[in-house]
Amino acid sequence: MPEIIDSHKIATRALTKEATFRAEKLEPRRVRTEEMLLNMGPQHPSTHGVLRLEVVLDGELVVDVRPHIGYLHRCFEKHTESMTYPQVMPYVDRTDYLASMSSGHGFALAVERMMGIEVPEKVEYIRVLFLELQRIASHLVAIGAYGLDIGAFTPFLYCFELRERIIEMFERTCGARFLYNYMWVGGLSHDLHPTVPELCREFLKESRKAHKEIVDLLTFNKIFVERTGNVGILPADVAIAGGASGPVLRGSGVKWDLRRDDPYSIYDRFDFDIPVGTGLVGAVGDAWDRNWVRVCEWEESMNIIEQVLDTYPYEDTTNVQAAIPKRIKPPAGEIYSRTETPRGEQGYYVVSRDGINPWRVKQRSPAFCNLSLLPHISRGCLVGDLIAIIGSLDFVLGEVDR
Amino acid sequence: MFDGLLEFFKSIFGDIAAANILALAVYSVVPLIFILVYGLIAILGEMKISAWIQDRLGPMRTGPKGLFQPFADILKLLQKEDTTPTTADRTLYNAAPYIMFVGAYAAFAALPFSAAYIGARINTGIFFVLSIASLVPVSIMMAGWGSNSKYSLMGAMRSVSQLISYEIPAGLALISVVMVAGSMDMQTITHLQSGGIQNWFIFGGPKSLDGFGGTSNLVLMPFLVISFLIYLVASLAETNRVPFDLPEAESELVAGFHTEYSAMKFALFFLAEYANMFAVGAIASVLFLGGWQSPFGDFLGGPVFGFFWFVLKGLFFVFLQICIRWTLPRLRVDQLMYVCWKVLIPFSLFAVLGVGLCVVMLNR
Amino acid sequence: MTTPEIRDILLENFDGKIGDYHEFAKSEYQKRYGSYIDVADKEWLRDVCLFLRDDDRLQFNSLLCLSTLDNNDSTLSVVYHLESTILRHVLAMKVTVPVTETEVPSITDVWPHANWHEREGWDMMGIRFVGHPDHRRILLEEDYPGHPLRKDFREPTFYHGMKVPY
């Protein structure tokens with residue numbers, strides 16, 4: 001048995017001795033026997049990844065929920081300090097693996113803004129096209145998996161069938177189905193594949209049909225409405241103060257979308273609406289509203305894609321990598337750059353000290369911030385409701401843990 | 001059919017006692033064989049029907065078009081390691097699957113498979129079936145408690161409350177048919193529906209019981225249709241199927257009360273659930289859709305074809321249950337109870353009242 | 001409202017507690033989001049934040065992000081990015097503390113959003129947030145030795161008696 005080196009012992013002792021802020025471990029009071037501690041452990045069919053929830057139950061009633069994260073922590077932020085800026089890009093994809101175009105775009109924008117790079121028109125159009133397709137793909141997973149949590153097995157497969165079309169377009173363009181490394185600092189890795197616009201128009205036709213089907217089959221299904229309406233109500237002020245963003249914030253009635261309120265790329269050229277939750281089948285800000293916002297955003301993204309396809313400069317033959325500098329070495333400085341991903345507001349706080357590697361990259365992930373609201377909105381609900389609330393928050397553990 | 005078997009064995013052995021025992025043994029094993037064969041078909045059917053609903057193909061590689069998949073599944077289940085949690089209550093844990101299977105199998109004893117075959121012709125057939133079906137919640141409670149796991153316990157408690165609540169509307173729905181038929185014996189009820197589809201109870205009942213030249217059937221029909229629908233919904237709850245499958249909710253409780261089971265015991269739970277599905281479908285078909293009676297009256301009727309019609313109607317209900325499972329989401333526990341006590345029971349009481357009034361006033 | 005204007009309003013009320021304005025302006029966006037103001041006196045941090053949230057001209061109702069930074073000259077920094085969704089302006093603030101005395105007031109009661117971010121700051125950088133209601137590690141195990149994001153962090157060779165392979 002190898003001896004534990006002293007420095008480890010010293011460090012642990014030091015930490016425990018010095019730590020004057022001791023958090024109370026979540027334990028039901030020992031005398032009472034009505035409360036049960038249920039551990040929805042890291043491996044669980046419906047927690048969207050490796051998340052551990054310590055649930056204190058009183059029969060079927062949830063008294064408290066404590067999420068424990070960190071099972072997928074890969075210390076991405078430490079890694080970035082020893083890699084060059086282009087090398088960071090694949091790592092960024094793997095944080096939010098269901099919307100990796102958006103995450104990559106966020107990081108690319110951050111570095112571009114720090115260096116003052118302007119990308120060509122064509123690149124902007126392709127970026128918006130793929131970002132909106134990625135938004136639809138991510139929302140399809142969210143809606144389908146939400147149905148699966150509630151018990152409806154079939155809409156999940158319909159959504160994934162549709163998502164296959166999007167993935168095929170991505171695969172034709174950049175070769176990858178899932179983690180693309182497509183958005184590079186200053187441009188893109190490959191030009192738009194010539195068959196993609198045609199495929200995209202066909203996809204839009206199918207998508208509109210499927211959208212109507214999902215709305216009829218799942219979203220307005222009486223049982224689904226009963227399960228998710230009036231469950232997990234998040235008031236608007238709690239949402240803003242608690243750092244919610246994206247469909248979680250818009251589901252509470254707050255009309256805040258970074259594409260409209262802090263426009264980036266060429267989003268100001270397109271005409272689209274921002275859906276908010278209005279309490280159609282229950283209180284404003286319940287789980288159904290958040291799901292409804294995603295369903296409506298799917299439709300709005302389809303409108304944006306149509307506009308992009310109509311205005312895309314097809315004859316433009318600029319190289320998509322024309323604006324990529326020879327060496328990506330931003331001057332000393334820092335920036336907080338944010339974009340609207342399918343999950344919410346994703347921000348990159350990048351500090352550069354005029355080196356090849358970044359000095360610090362911090363990813364403000366929307367799923368992390370949305371998940372921190374879980375204890376507040378799930379007190380007093382039933383275990384079945386807890387599952388409904390988790391599904392409506394739509395977090396991805398890769399992004400929560402980084 | 002029992003007499004035929006008896007004669008056959010007497011001719012071989014000559015001894016009455018031995019012939020009796022053998023004939024009894026063969027006679028009572030028929031439903032078991034039926035359950036086993038039907039189980040294979042049901043497993044494959046569920047996979048293929050769910051695939052058809054979900055726009056995919058289902059199993060395609062084991063055998064031609066995946067037809068040998070159930071055999072592969074059974075083999076897989078049989079060769080698994082039979083684990084028992086160390087802190088489990090041995091007696092309860094081991095006995096639970098067998099008791100559940102017994103509950104499901106015993107219900108088959110009173111089902112009229114055809115004019116020639118009914119396991120046990122009891123004159124309180126329906127009452128017997130309903131009461132033996134309440135072995136199932138007992139076994140589920142044993143499984144949940146004996147597994148010594150929080151998930152299993154929660155699944156078991158939900159299941160027991162659901163099953164005992166939904167027995168009430170199911171029983172009330174069946175009572176309305178019993179009142180019209182005047183007997184609880186399933187074979188008698190089936191015999192009453194002879195002569196073609198218009199005599200089935202779902203369309204108001206046989207003309208032979210009508211004292212007013214055909215109109216009283218029309219008066220009875222709405223009440224009996226309501227009873228039929230209530231029985232369909234309540235039977236879904238009795239068999240723990242979506243939208244009432246909270247006890248085994250996969251995405252919430254891993255697998256509910258049978259989380260800790262593997263191999264043969266899990267196979268028994270599985271088989272018992274499918275047997276239950278067929279049993280409730282068969283009861284619905286006997287009481288409302290004519291049992292082994294052919295819809296064309298005498299054409300394609302008789303004892304042999306009777307078996308075919310009975311199985312066809314039972315399988316139709318199984319098909320319906322599978323389709324509903326893959327379409328609808330799951331109800332939450334309190335909504336489930338709400339549906340039972342505040343929706344189904346009032347409607348079923350209304351149906352019973354209506355049927356009772358009709359029967360009394362129309363002087364049947 | 002731009003950051004220098006906000007700094008002027010803050011200087012009116014917290015003279016001496018607010019430090020310099022650092023600007024980075026390689027692009028318009030960086031000028032707005034990258035430039036930050038120092039908070040010289042960390043004891044007044046909570047009061048500054050309350051003022052930022054409640055004053056009518058500022059109304060910073062949303063904390064965007066709370067990051068921690070190791071400056072590699074024996075100081076650590078905590079960076080706050082704030083936004084007002086009502087008046088549409090943003091602000092970045094930085095508090096710097098020496099490595100020997102890493103205690104910063106917690107602003108969880110000003111913006112509840114800071115709760116998990118501060119826990120992550122403690123976990124990754126080892127900065128204590130005084131007054132935090134639930135001060136424990138969030139991503140790593142409770143008994144992990146050290147704080148990974150520090151520049152002088154070395155991975156432990158042994159962990160719970162097992163040799164860390166690489």
# chains A, B, ... in the order shown; residues from 1 in each chain; ligands from 1
$ residues_around --residues "Val286 in chain B" --least-positions-apart "2" --cutoff "8 Å" --atoms "only C-alpha atoms" --output "list in words"
Pro112, Met186, Ile189, Thr190, Ala282, Ile283, Ala284, Phe288, Leu289, Gly290, Gly291, Trp292 and Phe310 of chain B
$ closest_atom_pairs --of "range 47-166 of chain C" --to "range 331-338 of chain A" --cutoff "12 Å" --atoms "only C-alpha atoms" --output "tab-separated table"
residue	atom	partner	partner_atom	distance
C:Leu64	CA	A:Tyr336	CA	9.6
C:Cys65	CA	A:Tyr336	CA	8.9
C:Leu66	CA	A:Tyr336	CA	10.9
C:Ser67	CA	A:Tyr336	CA	10.4
C:Leu69	CA	A:Glu334	CA	11.3
C:Val79	CA	A:Tyr336	CA	10.4
C:Tyr80	CA	A:Tyr336	CA	10.3
C:His81	CA	A:Tyr336	CA	8.0
C:Leu82	CA	A:Tyr336	CA	10.7
C:Glu83	CA	A:Tyr336	CA	11.8
C:Val90	CA	A:Tyr336	CA	10.5
C:Leu91	CA	A:Tyr336	CA	10.4
C:Ala92	CA	A:Tyr336	CA	8.8
C:Met93	CA	A:Tyr336	CA	11.8
C:Lys94	CA	A:Glu334	CA	11.7
$ write_last_selection --atoms "C-alpha atoms" --output "PDB file, in the first residue's frame"
ATOM      1  CA  LEU C  64     -24.244  38.360 -16.016  1.00  0.00           C
ATOM      2  CA  CYS C  65     -21.153  36.572 -14.831  1.00  0.00           C
ATOM      3  CA  LEU C  66     -18.797  36.359 -11.887  1.00  0.00           C
ATOM      4  CA  SER C  67     -15.341  35.135 -12.864  1.00  0.00           C
ATOM      5  CA  LEU C  69      -8.661  35.444 -12.357  1.00  0.00           C
ATOM      6  CA  VAL C  79     -14.515  40.109 -12.068  1.00  0.00           C
ATOM      7  CA  TYR C  80     -18.185  41.055 -12.070  1.00  0.00           C
ATOM      8  CA  HIS C  81     -20.152  41.689 -15.235  1.00  0.00           C
ATOM      9  CA  LEU C  82     -23.433  43.436 -14.625  1.00  0.00           C
ATOM     10  CA  GLU C  83     -26.268  44.431 -16.866  1.00  0.00           C
ATOM     11  CA  VAL C  90     -23.439  47.037 -18.937  1.00  0.00           C
ATOM     12  CA  LEU C  91     -20.605  47.331 -16.482  1.00  0.00           C
ATOM     13  CA  ALA C  92     -17.531  45.281 -15.642  1.00  0.00           C
ATOM     14  CA  MET C  93     -15.901  45.568 -12.210  1.00  0.00           C
ATOM     15  CA  LYS C  94     -12.790  43.984 -10.851  1.00  0.00           C
TER      16      LYS C  94
END
$ interface_residues --of "chain C" --to "chain A" --cutoff "6 Å" --atoms "only C-alpha atoms" --output "PyMOL selection string"
chain C and resi 24+26-27+30+33-34+62+111-113+134-135+139-140+145+149+161
$ write_last_selection --atoms "C-alpha atoms" --output "PDB file, in the first residue's frame"
ATOM      1  CA  PHE C  24      -9.671  47.986 -24.266  1.00  0.00           C
ATOM      2  CA  LYS C  26      -9.935  47.001 -30.451  1.00  0.00           C
ATOM      3  CA  SER C  27     -13.606  46.965 -31.489  1.00  0.00           C
ATOM      4  CA  GLN C  30     -14.780  45.330 -26.701  1.00  0.00           C
ATOM      5  CA  TYR C  33     -17.858  44.858 -22.731  1.00  0.00           C
ATOM      6  CA  GLY C  34     -14.143  44.589 -22.110  1.00  0.00           C
ATOM      7  CA  SER C  62     -28.895  41.315 -13.533  1.00  0.00           C
ATOM      8  CA  TRP C 111     -28.101  39.059  -6.871  1.00  0.00           C
ATOM      9  CA  PRO C 112     -28.962  35.396  -6.018  1.00  0.00           C
ATOM     10  CA  HIS C 113     -27.387  34.416  -9.314  1.00  0.00           C
ATOM     11  CA  ASP C 134     -23.523  27.532   1.268  1.00  0.00           C
ATOM     12  CA  HIS C 135     -19.783  27.820   0.914  1.00  0.00           C
ATOM     13  CA  LEU C 139     -17.500  20.826  -9.249  1.00  0.00           C
ATOM     14  CA  LEU C 140     -14.810  18.858  -7.457  1.00  0.00           C
ATOM     15  CA  PRO C 145      -6.471  19.182  -2.354  1.00  0.00           C
ATOM     16  CA  LEU C 149      -7.234  27.299 -11.755  1.00  0.00           C
ATOM     17  CA  GLY C 161      -3.613   6.544  -1.702  1.00  0.00           C
TER      18      GLY C 161
END
$ closest_atom_pairs --of "chain B" --to "chain A" --cutoff "6 Å" --atoms "only C-alpha atoms" --output "tab-separated table"
residue	atom	partner	partner_atom	distance
B:Gln54	CA	A:Thr154	CA	5.4
B:Ser251	CA	A:Ser46	CA	5.2
B:Trp326	CA	A:Phe153	CA	5.9
B:Leu328	CA	A:Ala152	CA	5.3
B:Pro329	CA	A:Ala152	CA	4.0
B:Arg330	CA	A:Gly151	CA	4.8
$ select_by_dssp --residues "chain C" --states "strand (DSSP E or B)" --output "PyMOL selection string"
chain C and resi 18-22+36-39+62-70+75-84+89-98+103-105+128-130+158-159+162-163
$ write_last_selection --atoms "C-alpha atoms" --output "mmCIF file, in the first residue's frame"
data_model
loop_
_atom_site.group_PDB
_atom_site.id
_atom_site.type_symbol
_atom_site.label_atom_id
_atom_site.label_comp_id
_atom_site.auth_asym_id
_atom_site.auth_seq_id
_atom_site.Cartn_x
_atom_site.Cartn_y
_atom_site.Cartn_z
ATOM 1 C CA ILE C 18 -13.461 53.107 -6.752
ATOM 2 C CA GLY C 19 -10.234 52.703 -8.691
ATOM 3 C CA ASP C 20 -9.212 53.347 -12.258
ATOM 4 C CA TYR C 21 -11.003 52.794 -15.532
ATOM 5 C CA HIS C 22 -9.188 50.406 -17.876
ATOM 6 C CA TYR C 36 -13.670 47.555 -16.574
ATOM 7 C CA ILE C 37 -13.365 49.634 -13.433
ATOM 8 C CA ASP C 38 -11.378 48.636 -10.399
ATOM 9 C CA VAL C 39 -12.943 48.491 -6.990
ATOM 10 C CA SER C 62 -28.895 41.315 -13.533
ATOM 11 C CA LEU C 63 -25.505 39.837 -12.777
ATOM 12 C CA LEU C 64 -24.244 38.360 -16.016
ATOM 13 C CA CYS C 65 -21.153 36.572 -14.831
ATOM 14 C CA LEU C 66 -18.797 36.359 -11.887
ATOM 15 C CA SER C 67 -15.341 35.135 -12.864
ATOM 16 C CA THR C 68 -12.104 34.709 -11.030
ATOM 17 C CA LEU C 69 -8.661 35.444 -12.357
ATOM 18 C CA ASP C 70 -5.129 34.660 -11.306
ATOM 19 C CA THR C 75 -2.872 38.586 -6.573
ATOM 20 C CA LEU C 76 -6.228 37.124 -7.470
ATOM 21 C CA SER C 77 -9.094 39.036 -9.000
ATOM 22 C CA VAL C 78 -12.820 38.629 -9.017
ATOM 23 C CA VAL C 79 -14.515 40.109 -12.068
ATOM 24 C CA TYR C 80 -18.185 41.055 -12.070
ATOM 25 C CA HIS C 81 -20.152 41.689 -15.235
ATOM 26 C CA LEU C 82 -23.433 43.436 -14.625
ATOM 27 C CA GLU C 83 -26.268 44.431 -16.866
ATOM 28 C CA SER C 84 -29.390 46.495 -16.629
ATOM 29 C CA HIS C 89 -26.208 49.323 -20.139
ATOM 30 C CA VAL C 90 -23.439 47.037 -18.937
ATOM 31 C CA LEU C 91 -20.605 47.331 -16.482
ATOM 32 C CA ALA C 92 -17.531 45.281 -15.642
ATOM 33 C CA MET C 93 -15.901 45.568 -12.210
ATOM 34 C CA LYS C 94 -12.790 43.984 -10.851
ATOM 35 C CA VAL C 95 -11.704 43.416 -7.256
ATOM 36 C CA THR C 96 -8.106 42.393 -6.650
ATOM 37 C CA VAL C 97 -6.932 40.666 -3.473
ATOM 38 C CA PRO C 98 -3.503 39.388 -2.467
ATOM 39 C CA GLU C 103 -11.446 37.087 1.242
ATOM 40 C CA VAL C 104 -14.042 38.949 -0.731
ATOM 41 C CA PRO C 105 -17.535 39.860 0.462
ATOM 42 C CA ARG C 128 -13.327 32.904 0.109
ATOM 43 C CA PHE C 129 -16.610 34.715 -0.185
ATOM 44 C CA VAL C 130 -17.493 35.998 3.248
ATOM 45 C CA PHE C 158 -1.338 10.687 -4.931
ATOM 46 C CA TYR C 159 -5.056 10.913 -4.348
ATOM 47 C CA MET C 162 -3.791 5.925 -5.454
ATOM 48 C CA LYS C 163 -1.022 7.163 -7.692
#
$ atom_distance --atom1 "CA of Tyr27 in chain B" --atom2 "CA of Ser285 in chain B"
22.6 Å
$ residues_around --residues "Ala263 in chain B" --least-positions-apart "5" --cutoff "7 Å" --atoms "only C-alpha atoms" --output "VMD selection string"
chain B and resid 77 to 82
$ select_by_dssp --residues "chain C" --states "alpha helix (DSSP H)" --output "number ranges by chain"
C: 3-13, 28-33, 45-54, 114-125
$ write_last_selection --atoms "C-alpha atoms" --output "compact mmCIF listing (two decimals), in the first residue's frame"
# COMPACT_ATOMS: atom_id res chain seq x y z
CA THR C 3 -18.64 52.88 -18.24
CA PRO C 4 -16.82 56.18 -17.56
CA GLU C 5 -20.16 57.88 -16.89
CA ILE C 6 -21.17 55.11 -14.50
CA ARG C 7 -17.80 55.45 -12.81
CA ASP C 8 -18.45 59.15 -12.34
CA ILE C 9 -21.77 58.44 -10.65
CA LEU C 10 -20.07 55.89 -8.41
CA LEU C 11 -17.28 58.30 -7.52
CA GLU C 12 -19.89 60.79 -6.35
CA ASN C 13 -21.08 58.34 -3.72
CA GLU C 28 -16.73 48.84 -30.44
CA TYR C 29 -17.96 45.72 -28.71
CA GLN C 30 -14.78 45.33 -26.70
CA LYS C 31 -14.97 48.95 -25.65
CA ARG C 32 -18.41 48.30 -24.20
CA TYR C 33 -17.86 44.86 -22.73
CA LEU C 45 -17.97 45.92 -2.52
CA ARG C 46 -21.35 44.93 -1.20
CA ASP C 47 -22.43 48.51 -0.71
CA VAL C 48 -21.32 49.42 -4.21
CA CYS C 49 -23.31 46.51 -5.59
CA LEU C 50 -26.42 47.46 -3.63
CA PHE C 51 -26.09 51.00 -4.93
CA LEU C 52 -25.68 49.75 -8.48
CA ARG C 53 -28.79 47.67 -8.17
CA ASP C 54 -31.05 50.16 -6.45
CA ALA C 114 -23.97 34.80 -7.69
CA ASN C 115 -24.53 31.79 -5.45
CA TRP C 116 -23.21 29.05 -7.71
CA HIS C 117 -20.64 31.29 -9.39
CA GLU C 118 -19.08 32.11 -6.03
CA ARG C 119 -19.03 28.45 -5.10
CA GLU C 120 -17.18 27.80 -8.31
CA GLY C 121 -14.79 30.66 -7.49
CA TRP C 122 -13.97 28.99 -4.17
CA ASP C 123 -13.66 25.60 -5.82
CA MET C 124 -11.44 26.59 -8.71
CA MET C 125 -9.51 29.57 -7.43
$ residues_around --residues "Gly285 in chain A" --least-positions-apart "3" --cutoff "10 Å" --atoms "only C-alpha atoms" --output "mmCIF file with N, CA and C atoms, in the first residue's frame"
data_model
loop_
_atom_site.group_PDB
_atom_site.id
_atom_site.type_symbol
_atom_site.label_atom_id
_atom_site.label_comp_id
_atom_site.auth_asym_id
_atom_site.auth_seq_id
_atom_site.Cartn_x
_atom_site.Cartn_y
_atom_site.Cartn_z
ATOM 1 N N GLY A 229 -48.560 21.741 -16.959
ATOM 2 C CA GLY A 229 -49.139 23.042 -16.701
ATOM 3 C C GLY A 229 -49.163 23.310 -15.206
ATOM 4 N N ASN A 230 -48.889 24.550 -14.810
ATOM 5 C CA ASN A 230 -48.892 24.949 -13.399
ATOM 6 C C ASN A 230 -47.838 24.223 -12.578
ATOM 7 N N VAL A 231 -46.807 23.734 -13.232
ATOM 8 C CA VAL A 231 -45.756 23.005 -12.526
ATOM 9 C C VAL A 231 -44.459 23.775 -12.657
ATOM 10 N N GLY A 232 -43.740 23.966 -11.539
ATOM 11 C CA GLY A 232 -42.454 24.643 -11.616
ATOM 12 C C GLY A 232 -42.558 26.079 -12.060
ATOM 13 N N ILE A 233 -43.435 26.831 -11.431
ATOM 14 C CA ILE A 233 -43.665 28.207 -11.865
ATOM 15 C C ILE A 233 -42.477 29.063 -11.460
ATOM 16 N N LEU A 234 -41.927 29.777 -12.414
ATOM 17 C CA LEU A 234 -40.771 30.640 -12.171
ATOM 18 C C LEU A 234 -41.209 32.083 -12.397
ATOM 19 N N PRO A 235 -41.340 32.884 -11.344
ATOM 20 C CA PRO A 235 -41.755 34.276 -11.550
ATOM 21 C C PRO A 235 -40.656 35.055 -12.264
ATOM 22 N N ALA A 236 -41.058 36.126 -12.933
ATOM 23 C CA ALA A 236 -40.122 36.839 -13.791
ATOM 24 C C ALA A 236 -38.998 37.487 -12.987
ATOM 25 N N ALA A 239 -36.512 35.019 -11.935
ATOM 26 C CA ALA A 239 -35.742 34.560 -13.091
ATOM 27 C C ALA A 239 -34.608 35.522 -13.404
ATOM 28 N N VAL A 248 -35.940 29.591 -20.670
ATOM 29 C CA VAL A 248 -36.372 29.597 -19.270
ATOM 30 C C VAL A 248 -36.826 30.999 -18.881
ATOM 31 N N LEU A 249 -36.053 32.023 -19.304
ATOM 32 C CA LEU A 249 -36.419 33.397 -18.972
ATOM 33 C C LEU A 249 -37.618 33.833 -19.779
ATOM 34 N N ARG A 250 -37.625 33.488 -21.080
ATOM 35 C CA ARG A 250 -38.742 33.920 -21.914
ATOM 36 C C ARG A 250 -40.019 33.199 -21.533
ATOM 37 N N GLY A 251 -39.900 31.998 -20.998
ATOM 38 C CA GLY A 251 -41.107 31.294 -20.551
ATOM 39 C C GLY A 251 -41.788 32.008 -19.404
ATOM 40 N N SER A 252 -41.028 32.820 -18.655
ATOM 41 C CA SER A 252 -41.636 33.545 -17.552
ATOM 42 C C SER A 252 -42.200 34.869 -17.991
ATOM 43 N N GLY A 253 -42.241 35.123 -19.280
ATOM 44 C CA GLY A 253 -42.873 36.332 -19.782
ATOM 45 C C GLY A 253 -41.936 37.479 -20.062
ATOM 46 N N VAL A 254 -40.637 37.294 -19.871
ATOM 47 C CA VAL A 254 -39.698 38.386 -20.094
ATOM 48 C C VAL A 254 -39.222 38.336 -21.536
ATOM 49 N N VAL A 276 -42.788 34.523 -26.154
ATOM 50 C CA VAL A 276 -42.701 34.500 -24.690
ATOM 51 C C VAL A 276 -43.838 33.651 -24.151
ATOM 52 N N GLY A 277 -43.660 33.199 -22.953
ATOM 53 C CA GLY A 277 -44.713 32.431 -22.308
ATOM 54 C C GLY A 277 -45.809 33.347 -21.806
ATOM 55 N N THR A 278 -47.061 33.000 -22.106
ATOM 56 C CA THR A 278 -48.172 33.857 -21.706
ATOM 57 C C THR A 278 -49.151 33.116 -20.815
ATOM 58 N N GLY A 279 -48.746 31.953 -20.315
ATOM 59 C CA GLY A 279 -49.671 31.262 -19.431
ATOM 60 C C GLY A 279 -50.891 30.749 -20.149
ATOM 61 N N GLY A 282 -52.023 27.636 -18.031
ATOM 62 C CA GLY A 282 -51.728 27.578 -16.606
ATOM 63 C C GLY A 282 -51.128 28.902 -16.218
ATOM 64 N N TRP A 288 -44.866 24.159 -18.940
ATOM 65 C CA TRP A 288 -45.471 24.109 -20.277
ATOM 66 C C TRP A 288 -45.083 25.331 -21.084
ATOM 67 N N ASP A 289 -45.007 26.493 -20.402
ATOM 68 C CA ASP A 289 -44.640 27.715 -21.102
ATOM 69 C C ASP A 289 -43.227 27.632 -21.653
ATOM 70 N N ARG A 290 -42.303 27.071 -20.865
ATOM 71 C CA ARG A 290 -40.933 26.970 -21.344
ATOM 72 C C ARG A 290 -40.881 26.057 -22.565
#
$ residues_around --residues "Ser392 in chain A" --least-positions-apart "6" --cutoff "7 Å" --atoms "only C-alpha atoms" --output "list of chain:residue names"
A:Tyr146, A:Ala287, A:Arg290, A:Asn291
$ atom_distance --atom1 "CA of Ala95 in chain B" --atom2 "CA of Ala107 in chain B"
18.7 Å
$ atom_distance --atom1 "CA of Phe71 in chain B" --atom2 "CA of Pro59 in chain B"
12.3 Å
$ closest_residue --among "A:Tyr314, A:Phe270, A:Phe395, A:Trp184" --to "Val119 in chain A" --atoms "only C-alpha atoms"
A:Trp184
$ residues_around --residues "Leu232 in chain B" --least-positions-apart "4" --cutoff "9 Å" --atoms "only C-alpha atoms" --output "ChimeraX atom specification"
/B:170,227-228,236-237,280-281,284,317
$ closest_residue --among "A:Arg66, A:Arg294, A:Arg127, A:His48" --to "Ile377 in chain A" --atoms "only C-alpha atoms"
A:Arg66
